[in-house]
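The structure file entry_6.csv is reproduced below (CSV, C-alpha atoms).
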```
chain,number,residue,atom,x,y,z
B,1,MET,CA,134.0,79.4,64.9
B,2,PRO,CA,133.2,79.2,68.7
B,3,ARG,CA,130.5,81.5,69.9
B,4,MET,CA,130.3,83.6,73.0
B,5,LEU,CA,127.1,81.9,74.1
B,6,ASP,CA,125.7,81.5,77.5
B,7,VAL,CA,123.8,78.2,77.8
B,8,SER,CA,122.2,77.7,81.2
B,9,ASP,CA,121.9,74.4,82.9
B,10,ASP,CA,118.1,74.4,82.4
B,11,VAL,CA,118.5,75.1,78.6
B,12,ARG,CA,121.2,72.4,78.3
B,13,ALA,CA,118.9,69.9,80.1
B,14,GLU,CA,116.2,70.5,77.6
B,15,ILE,CA,118.2,70.5,74.4
B,16,GLY,CA,120.8,67.9,75.4
B,17,ASP,CA,124.6,68.1,75.8
B,18,GLU,CA,125.2,67.3,72.1
B,19,GLU,CA,123.1,70.2,70.8
B,20,ALA,CA,124.4,72.6,73.5
B,21,ASP,CA,128.0,71.7,72.5
B,22,ARG,CA,127.2,72.2,68.8
B,23,LEU,CA,125.8,75.7,69.6
B,24,LEU,CA,128.9,76.6,71.6
B,25,ALA,CA,131.1,75.5,68.7
B,26,GLY,CA,129.2,77.7,66.4
B,27,ASP,CA,127.7,74.9,64.3
B,28,ASN,CA,124.0,75.7,64.9
B,29,SER,CA,124.1,79.2,66.2
B,30,PRO,CA,123.9,82.4,64.2
B,31,GLY,CA,126.8,84.8,64.0
B,32,SER,CA,124.7,88.0,63.8
B,33,TYR,CA,121.1,88.2,65.1
B,34,ASP,CA,118.5,90.7,66.1
B,35,CYS,CA,118.1,90.7,69.9
B,36,THR,CA,114.4,90.1,70.1
B,37,SER,CA,114.3,91.9,73.5
B,38,CYS,CA,115.8,95.2,72.5
B,39,ARG,CA,115.4,94.6,68.7
B,40,THR,CA,119.0,95.8,68.0
B,41,PRO,CA,121.7,93.7,66.2
B,42,GLY,CA,124.0,91.3,68.1
B,43,ASP,CA,126.9,89.2,67.1
B,44,SER,CA,127.6,86.0,69.1
B,45,ALA,CA,131.1,85.9,67.8
B,46,GLN,CA,131.9,89.3,69.3
B,47,GLU,CA,129.7,89.6,72.4
B,48,ARG,CA,128.2,87.5,75.1
B,49,THR,CA,124.8,86.1,73.9
B,50,SER,CA,122.1,84.3,75.8
B,51,THR,CA,120.3,81.3,74.6
B,52,VAL,CA,116.6,81.4,75.6
B,53,LEU,CA,114.4,78.4,75.1
B,54,PHE,CA,110.7,78.9,74.8
B,55,ILE,CA,108.7,75.7,75.4
B,56,GLY,CA,105.0,75.2,74.6
B,57,ASP,CA,102.9,72.0,74.6
B,58,GLU,CA,104.2,70.8,71.3
B,59,THR,CA,106.7,73.4,70.1
B,60,ALA,CA,110.1,74.6,71.4
B,61,VAL,CA,111.9,77.7,70.0
B,62,LEU,CA,115.5,78.6,70.7
B,63,ALA,CA,116.1,82.3,70.5
B,64,PHE,CA,119.1,84.6,71.1
B,65,ALA,CA,119.5,87.9,73.0
B,66,HIS,CA,122.3,90.1,74.3
B,67,ALA,CA,123.5,88.7,77.6
B,68,THR,CA,123.3,92.2,78.9
B,69,CYS,CA,119.6,92.2,78.1
B,70,LEU,CA,118.6,88.8,79.3
B,71,PRO,CA,120.0,85.7,81.0
B,72,SER,CA,120.0,82.3,79.4
B,73,GLN,CA,116.8,80.5,80.6
B,74,VAL,CA,113.9,78.2,79.8
B,75,VAL,CA,110.5,80.0,79.6
B,76,LYS,CA,107.3,77.9,79.5
B,77,VAL,CA,104.6,79.6,77.4
B,78,ALA,CA,101.2,78.6,75.9
B,79,GLU,CA,101.5,76.7,72.6
B,80,GLU,CA,99.2,79.2,70.9
B,81,GLN,CA,101.4,82.1,72.1
B,82,LEU,CA,104.6,80.4,71.0
B,83,GLN,CA,103.1,79.8,67.5
B,84,GLY,CA,102.3,83.5,67.3
B,85,ALA,CA,105.9,84.3,68.2
B,86,VAL,CA,107.1,82.0,65.5
B,87,ARG,CA,104.8,83.6,62.9
B,88,SER,CA,106.2,87.0,64.0
B,89,ILE,CA,109.8,85.9,63.7
B,90,THR,CA,109.3,84.3,60.3
B,91,GLY,CA,107.3,87.3,59.0
B,92,GLU,CA,104.0,85.5,58.6
B,93,SER,CA,102.1,88.1,60.7
B,94,ASP,CA,102.2,91.8,60.9
B,95,ALA,CA,104.1,92.9,64.0
B,96,ALA,CA,104.5,96.5,63.1
B,97,GLY,CA,101.2,98.4,63.4
B,98,GLY,CA,100.7,101.3,65.8
B,99,PHE,CA,99.2,101.0,69.2
B,100,PRO,CA,98.4,103.9,71.5
B,101,ALA,CA,100.8,104.3,74.5
B,102,ALA,CA,98.1,103.0,76.8
B,103,ALA,CA,97.1,99.8,75.0
B,104,ALA,CA,95.4,97.0,77.0
B,105,GLN,CA,94.7,93.3,76.6
B,106,THR,CA,93.2,90.8,79.0
B,107,ALA,CA,93.9,87.2,79.9
B,108,PRO,CA,92.4,84.7,82.4
B,109,ALA,CA,93.4,85.6,85.9
B,110,ALA,CA,96.3,83.4,86.9
B,111,PRO,CA,95.9,80.9,89.8
B,112,ALA,CA,98.6,82.6,91.9
B,113,ALA,CA,96.7,85.9,91.9
B,114,ALA,CA,93.9,84.2,93.8
B,115,GLY,CA,96.1,82.0,95.9
B,116,GLY,CA,95.9,78.9,93.9
B,117,GLN,CA,92.4,78.7,92.3
B,118,PRO,CA,91.3,80.2,88.9
B,119,GLN,CA,88.8,83.0,89.1
B,120,PRO,CA,86.2,84.1,86.7
B,121,ALA,CA,87.7,87.6,86.5
B,122,VAL,CA,90.4,88.4,84.0
B,123,LEU,CA,93.4,90.6,84.5
B,124,GLY,CA,93.6,93.6,82.1
B,125,ILE,CA,97.0,95.1,81.4
B,126,THR,CA,97.7,98.7,80.3
B,127,SER,CA,101.2,99.8,79.2
B,128,GLY,CA,102.6,103.3,79.5
B,129,LEU,CA,105.5,105.4,80.6
B,130,VAL,CA,105.6,106.8,84.1
B,131,LEU,CA,107.8,109.8,85.1
B,132,LEU,CA,109.7,109.3,88.4
B,133,GLY,CA,112.2,112.1,89.0
B,134,ASP,CA,113.9,112.9,85.7
B,135,GLU,CA,113.5,109.3,84.3
B,136,LEU,CA,110.7,107.8,82.2
B,137,TYR,CA,110.0,104.3,83.4
B,138,PRO,CA,108.1,101.6,81.4
B,139,ALA,CA,105.1,100.6,83.4
B,140,LEU,CA,102.4,98.0,83.3
B,141,VAL,CA,99.1,98.5,85.1
B,142,VAL,CA,97.2,95.4,86.1
B,143,GLU,CA,93.5,95.6,87.0
B,144,PRO,CA,91.0,92.7,87.2
B,145,THR,CA,87.6,92.9,85.6
B,146,GLY,CA,86.0,91.6,88.8
B,147,PRO,CA,86.8,90.9,92.5
B,148,ILE,CA,89.5,88.3,93.2
B,149,ALA,CA,88.5,86.2,96.2
B,150,ARG,CA,90.7,84.1,98.4
B,151,PRO,CA,90.2,80.4,97.7
B,152,GLY,CA,88.0,78.6,100.1
B,153,THR,CA,85.9,81.7,101.0
B,154,THR,CA,82.3,82.1,100.1
B,155,GLY,CA,82.0,85.9,100.5
B,156,GLY,CA,82.4,88.4,97.7
B,157,GLU,CA,85.2,90.4,99.4
B,158,ASP,CA,87.9,91.5,97.0
B,159,GLN,CA,91.3,90.1,98.2
B,160,PHE,CA,93.4,91.2,95.2
B,161,LEU,CA,95.6,93.7,97.0
B,162,ALA,CA,96.0,91.4,100.1
B,163,LEU,CA,97.0,88.5,97.9
B,164,LEU,CA,99.5,90.6,96.0
B,165,SER,CA,101.0,91.9,99.2
B,166,GLU,CA,101.6,88.3,100.3
B,167,GLN,CA,103.4,87.7,97.0
B,168,GLY,CA,105.7,90.7,97.8
B,169,PHE,CA,104.0,93.6,96.0
B,170,GLN,CA,104.5,96.9,97.9
B,171,PRO,CA,101.5,99.1,98.8
B,172,LEU,CA,102.0,102.7,97.6
B,173,GLY,CA,100.6,105.8,99.3
B,174,GLN,CA,102.1,108.0,96.6
B,175,ILE,CA,104.1,107.4,93.4
B,176,GLN,CA,107.5,108.9,94.1
B,177,GLU,CA,110.2,106.2,94.1
B,178,VAL,CA,110.9,103.1,92.0
B,179,PRO,CA,109.4,100.1,94.0
B,180,ALA,CA,111.6,97.3,95.2
B,181,VAL,CA,112.5,94.5,92.8
B,182,LEU,CA,110.3,91.4,93.3
B,183,PRO,CA,112.6,88.3,93.4
B,184,GLY,CA,111.8,85.7,90.8
B,185,TRP,CA,109.3,87.8,88.9
B,186,SER,CA,109.9,89.2,85.4
B,187,VAL,CA,108.2,90.7,82.4
B,188,LEU,CA,108.5,88.7,79.1
B,189,LEU,CA,109.0,90.8,76.0
B,190,ALA,CA,109.4,88.7,72.9
B,191,VAL,CA,110.0,89.9,69.3
B,192,GLY,CA,109.4,93.4,70.7
B,193,GLN,CA,106.0,92.6,72.0
B,194,LEU,CA,104.6,91.9,75.5
B,195,HIS,CA,103.8,88.3,76.1
B,196,ALA,CA,103.6,87.7,79.8
B,197,VAL,CA,104.3,88.6,83.4
B,198,LEU,CA,106.2,85.6,84.9
B,199,GLN,CA,106.4,84.4,88.5
B,200,PRO,CA,108.5,81.6,90.1
B,201,GLY,CA,107.2,78.1,89.4
B,202,ASN,CA,107.3,75.1,91.7
B,203,GLY,CA,109.8,73.4,89.5
B,204,GLY,CA,112.2,76.3,89.3
B,205,SER,CA,111.2,77.5,85.8
B,206,PRO,CA,109.1,80.6,85.6
B,207,VAL,CA,105.4,80.3,84.8
B,208,ALA,CA,102.9,82.9,83.6
B,209,TRP,CA,101.0,85.0,86.2
B,210,TRP,CA,99.5,87.0,83.4
B,211,GLN,CA,99.6,85.9,79.8
B,212,ALA,CA,98.4,87.7,76.6
B,213,HIS,CA,95.9,86.0,74.4
B,214,GLN,CA,98.0,87.5,71.6
B,215,PRO,CA,101.3,89.3,71.9
B,216,LEU,CA,100.6,92.9,72.9
B,217,GLN,CA,102.2,95.6,70.9
B,218,VAL,CA,104.0,98.3,72.9
B,219,THR,CA,105.2,101.7,71.7
B,220,ASP,CA,108.8,102.3,70.5
B,221,GLY,CA,109.2,104.6,73.5
B,222,TRP,CA,108.1,102.0,76.0
B,223,ARG,CA,110.3,99.3,74.4
B,224,THR,CA,113.3,101.7,74.3
B,225,ALA,CA,112.9,102.6,78.0
B,226,ALA,CA,112.5,98.9,79.0
B,227,SER,CA,115.7,98.0,77.0
B,228,LYS,CA,117.6,100.9,78.5
B,229,LEU,CA,116.7,100.3,82.1
B,230,GLY,CA,116.3,96.5,81.9
B,231,LYS,CA,113.2,96.6,84.2
B,232,VAL,CA,109.5,97.4,84.3
B,233,ILE,CA,107.4,98.8,87.1
B,234,VAL,CA,104.2,96.7,87.5
B,235,PHE,CA,101.3,98.5,89.2
B,236,ALA,CA,98.2,96.7,90.4
B,237,ALA,CA,94.8,98.0,91.6
B,238,PRO,CA,91.4,96.4,92.3
B,239,VAL,CA,88.6,96.3,89.8
B,240,GLY,CA,87.2,99.7,88.9
B,241,THR,CA,90.1,101.7,90.2
B,242,ILE,CA,92.1,102.7,87.1
B,243,GLY,CA,90.0,101.9,84.0
B,244,ARG,CA,91.1,102.0,80.4
B,245,GLN,CA,92.8,105.4,80.1
B,246,PRO,CA,93.5,106.5,76.5
B,247,ARG,CA,96.5,108.8,77.4
B,248,GLU,CA,99.5,108.5,79.6
B,249,ASP,CA,98.7,111.7,81.5
B,250,LEU,CA,95.2,110.3,82.3
B,251,LEU,CA,96.8,107.0,83.3
B,252,ARG,CA,99.1,108.8,85.7
B,253,ASP,CA,96.3,110.8,87.2
B,254,ALA,CA,94.4,107.6,87.8
B,255,LEU,CA,97.4,105.9,89.4
B,256,ASP,CA,98.0,108.9,91.7
B,257,LYS,CA,94.4,108.9,92.8
B,258,ALA,CA,94.5,105.1,93.5
B,259,ALA,CA,97.7,105.5,95.6
B,260,ALA,CA,96.1,108.4,97.6
B,261,ASN,CA,93.1,106.2,98.3
B,262,GLY,CA,95.3,103.2,99.4
B,263,LEU,CA,94.3,101.1,96.4
B,264,LEU,CA,97.6,100.8,94.6
B,265,THR,CA,100.4,98.2,94.9
B,266,ALA,CA,103.5,97.8,92.8
B,267,ALA,CA,106.7,95.9,92.2
B,268,THR,CA,109.7,96.4,89.9
B,269,MET,CA,110.5,93.4,87.6
B,270,PRO,CA,113.4,92.7,85.3
B,271,LEU,CA,112.9,91.9,81.6
B,272,ALA,CA,112.9,88.2,80.7
B,273,GLY,CA,112.6,86.2,77.5
B,274,THR,CA,113.7,87.7,74.3
```
Give the structure from this file in structure tokens form.
Amino acid sequence: MPRMLDVSDDVRAEIGDEEADRLLAGDNSPGSYDCTSCRTPGDSAQERTSTVLFIGDETAVLAFAHATCLPSQVVKVAEEQLQGAVRSITGESDAAGGFPAAAAQTAPAAPAAAGGQPQPAVLGITSGLVLLGDELYPALVVEPTGPIARPGTTGGEDQFLALLSEQGFQPLGQIQEVPAVLPGWSVLLAVGQLHAVLQPGNGGSPVAWWQAHQPLQVTDGWRTAASKLGKVIVFAAPVGTIGRQPREDLLRDALDKAAANGLLTAATMPLAGT
């Protein structure tokens, strides 16, 4: 039975026309599935469904999501991360445990954050819900563990905010409105867990700007808000500005202080991946 599948040109190029046609004909695609973005059931025979291809160094995984949650696309991820997602999908690892609302994990600072050269600092990410008006928005707060220098400079001046501003992040004097959407950037939520913040790559496919060592658990409330709104606010501040706050009210206080001191920048990003 034919499926209501969206197969992007990038996905088709990777899996080949023959496999893509088999998917569209319903030969190799599931009828019902769990959208691994919003974690609710979907049916490719009844509703538009996106095919999302995750590619690692040695492994490729084709996943499915509601087309209203995610577009069909190719996402390049680290092999280790992809294997972790496979284990979660097949039930070989425990993806259920509880994490506080403000959980954090670090990964090596991505080259683009420093204008093209890796830095010894790592980027820490904290997840939490931020109230704007009457709406709770899913947010990520990025803070390096050390200064991020501009490549080619010998001084120790922290250029993190300036470099992000050049990427399109918006400086905030106070947190009142949802920041503008940053074109080409997205937040990758796979199997209900946070995997990466993606930025545009040179070849057209997204690449990781921040990537988790292991998939980062988020709360049900965070995931529900992200699924409902289809977007995430990403805040960023220099080292030592926010810290690891154990509660969302303390996280908001730290964000407000950073904004008041001219040390906060932000962008809104759509969800990507599955």
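Interatomic distance, CA of Ile15 in chain B against CA of Val75 in chain B: 13.3 Å.
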### Query
Pick the closest to Val61 in chain B from B:Ala212, B:Ala259, B:Ala139, B:Ala190: which is it, counting only C-alpha atoms?
B:Ala190
### Message
Using all atoms listed in the file for the distances, tell me which of B:Leu188, B:Ala60, B:Val142, B:Val122 is nearest to Ala208 in chain B.
### Response
B:Leu188
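Nearest residue to Pro179 in chain B among B:Leu70, B:Thr265, B:Gly16, B:Ser227 is B:Thr265, counting all atoms listed in the file.
If you look at CA of Asn261 in chain B and CA of Leu182 in chain B, they are 23.2 Å away from each other.
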### Query
Could you name the residues that touch Ser186 in chain B at 6 Å or less, counting all atoms listed in the file, but leaving out those on the same chain fewer than 2 positions away, as a PyMOL selection string?
chain B and resi 197-198+269-272
### Task
Could you please determine the separation between CA of Leu216 in chain B and CA of Leu194 in chain B in Å, to one decimal place?
4.9 Å
#### Entry: 10 Å contact set for range 245-255 of chain B, only C-alpha atoms, chain neighbours under 3 positions out, as a list of chain:residue names
B:Pro100, B:Ala101, B:Ala102, B:Ala103, B:Ala104, B:Thr126, B:Ser127, B:Gly128, B:Leu129, B:Val130, B:Leu131, B:Val141, B:Leu172, B:Gln174, B:Ile175, B:Phe235, B:Ala236, B:Ala237, B:Thr241, B:Ile242, B:Ala258, B:Ala259, B:Ala260, B:Asn261, B:Leu263, B:Leu264, B:Thr265
Could you write out the selected residues, including C-alpha atoms, as a compact mmCIF listing (two decimals), keeping the file's coordinate frame?
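Contents of the output file again39.txt:
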```txt
# COMPACT_ATOMS: atom_id res chain seq x y z
CA PRO B 100 98.40 103.90 71.50
CA ALA B 101 100.80 104.30 74.50
CA ALA B 102 98.10 103.00 76.80
CA ALA B 103 97.10 99.80 75.00
CA ALA B 104 95.40 97.00 77.00
CA THR B 126 97.70 98.70 80.30
CA SER B 127 101.20 99.80 79.20
CA GLY B 128 102.60 103.30 79.50
CA LEU B 129 105.50 105.40 80.60
CA VAL B 130 105.60 106.80 84.10
CA LEU B 131 107.80 109.80 85.10
CA VAL B 141 99.10 98.50 85.10
CA LEU B 172 102.00 102.70 97.60
CA GLN B 174 102.10 108.00 96.60
CA ILE B 175 104.10 107.40 93.40
CA PHE B 235 101.30 98.50 89.20
CA ALA B 236 98.20 96.70 90.40
CA ALA B 237 94.80 98.00 91.60
CA THR B 241 90.10 101.70 90.20
CA ILE B 242 92.10 102.70 87.10
CA ALA B 258 94.50 105.10 93.50
CA ALA B 259 97.70 105.50 95.60
CA ALA B 260 96.10 108.40 97.60
CA ASN B 261 93.10 106.20 98.30
CA LEU B 263 94.30 101.10 96.40
CA LEU B 264 97.60 100.80 94.60
CA THR B 265 100.40 98.20 94.90
```
### Message
Around (108.4, 100.7, 97.9), as given in the file, which residues come within 8 Å? Count all atoms listed in the file and list them as a PyMOL selection string.
### Response
chain B and resi 170-172+177-180+266-267
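Using all atoms listed in the file for every distance, the candidate list B:Val191, B:Ala20, B:Val239, B:Val74 yields B:Val239 as the residue closest to Thr145 in chain B.
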### Task
Considering all atoms listed in the file, return as a PyMOL selection string whatever protein or nucleic-acid residues lie within 6 Å of Val52 in chain B, sequence-local ones (same chain, fewer than 2 positions apart) excluded.
chain B and resi 62-63+72-74
Now that the selection is made, can you save its residues with C-alpha atoms as a PDB file, in the frame of the given file?
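Result went into part-v5.pdb, see below:
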```pdb
ATOM      1  CA  LEU B  62     115.500  78.600  70.700  1.00  0.00           C
ATOM      2  CA  ALA B  63     116.100  82.300  70.500  1.00  0.00           C
ATOM      3  CA  SER B  72     120.000  82.300  79.400  1.00  0.00           C
ATOM      4  CA  GLN B  73     116.800  80.500  80.600  1.00  0.00           C
ATOM      5  CA  VAL B  74     113.900  78.200  79.800  1.00  0.00           C
TER       6      VAL B  74
END
```
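Residues near the point (131.7, 89.6, 67.4), at a distance of 12 Å or less over only C-alpha atoms, make up Met1, Pro2, Arg3, Met4, Leu5, Pro30, Gly31, Ser32, Tyr33, Pro41, Gly42, Asp43, Ser44, Ala45, Gln46, Glu47, Arg48, Thr49 and His66 of chain B.
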